[in-house]
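**Student:** Here you go, one structure.
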Amino acid sequence: MNTSIIHGETKEGFAQVKITNKTNTSIACYVAIDGKKIKFILRPYMTSKWYKATDTQFNYRHFSTWCDYLELHPEYEKYT
C-alpha cells in the first residue's frame with residue numbers, strides 16, 4: 001500500500017496524525033488511539049484531515065493506523 005503517515009503536534013501540545021493516499025484508487029483506512037477507532041475512505045492522491053489525541057500525555061507512538069484497498073473491505077463503503 002503506497003501511503004504516507006504524517007505525525008505532528010497541535011499548538012496546544014496534542015499529538016496528531018494524518019494519512020496521504022499515494023495510489024490512483026480509493027482506500028479504506030482507520031486511525032486509532034486510546035481505544036477509539038475512526039474509519040474512513042481516502043480518495044486517490046488525497047490526504048486525510050488531522051486526527052488529534054485526546055490527551056497531551058499521548059505521543060505519535062500511541063497512534064495505530066491501517067489502510068488497504070477498498071475493494072477488499074466493502075464494509076467501509078458506509079464511511080464515505
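By convention in this document, the chains of the C-alpha cells carry letters A, B, ... by their order, each chain's residues are numbered from 1, and ligands are numbered from 1 in the order they are shown.
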DSSP says strand (DSSP E) for which residues of chain A? Put them as a PyMOL selection string?

**Tutor:** chain A and resi 3-9+15-21+27-33+36-42+51-52+64-69

**Student:** Please extract the residues of chain A with a backbone DSSP assignment of helix (DSSP H, G or I) and present them as number ranges by chain.

**Tutor:** A: 60-62, 70-72, 74-79

**Student:** Contacts of range 8-19 of chain A at 7 Å or less, counting only C-alpha atoms, minus same-chain residues fewer than 2 places along, as an MDAnalysis selection string?

**Tutor:** chainID A and resid 3:6 21 47:53 55:56 58:60

**Student:** If you count only C-alpha atoms, which residues fall within 8 Å of Ile33 in chain A, apart from same-chain ones fewer than 5 positions away, as a PyMOL selection string?

**Tutor:** chain A and resi 53+62-64

**Student:** For the residues in that selection, give me C-alpha atoms as a PDB file, in the first residue's frame.

**Tutor:**
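Dumped to selection_23.pdb:
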```pdb
ATOM      1  CA  ALA A  53      -5.110  12.697  20.508  1.00  0.00           C
ATOM      2  CA  HIS A  62       0.257   5.760  20.671  1.00  0.00           C
ATOM      3  CA  PHE A  63      -1.470   6.038  17.259  1.00  0.00           C
ATOM      4  CA  SER A  64      -2.345   2.971  15.218  1.00  0.00           C
TER       5      SER A  64
END
```

**Student:** Record the distance separating CA of Lys37 in chain A and CA of Trp66 in chain A, expressed in Å with one decimal.

**Tutor:**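 Interatomic distance, CA of Lys37 in chain A to CA of Trp66 in chain A: 10.4 Å.
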
**Student:** With only C-alpha atoms as the atoms that count, which of A:Asp34, A:Ala28, A:Asn2, A:Pro44 lies nearest to Lys78 in chain A?

**Tutor:** A:Ala28

**Student:** Could you tell me how far CA of Cys29 in chain A lies from CA of Glu71 in chain A, in Å and to one decimal?

**Tutor:** 12.2 Å

**Student:** Between A:Tyr79, A:Pro74, A:Arg61, A:His7, which has the minimum distance to Leu42 in chain A (counting only C-alpha atoms)?

**Tutor:**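 Closest to Leu42 in chain A of all the choices is A:Tyr79.
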
**Student:** Name the closest residue to Lys39 in chain A among the candidates A:Gln57, A:Leu70, A:Thr23, A:Met1; distances are taken between atoms, counting only C-alpha atoms.

**Tutor:**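 For Lys39 in chain A, the nearest of the candidates is A:Leu70.
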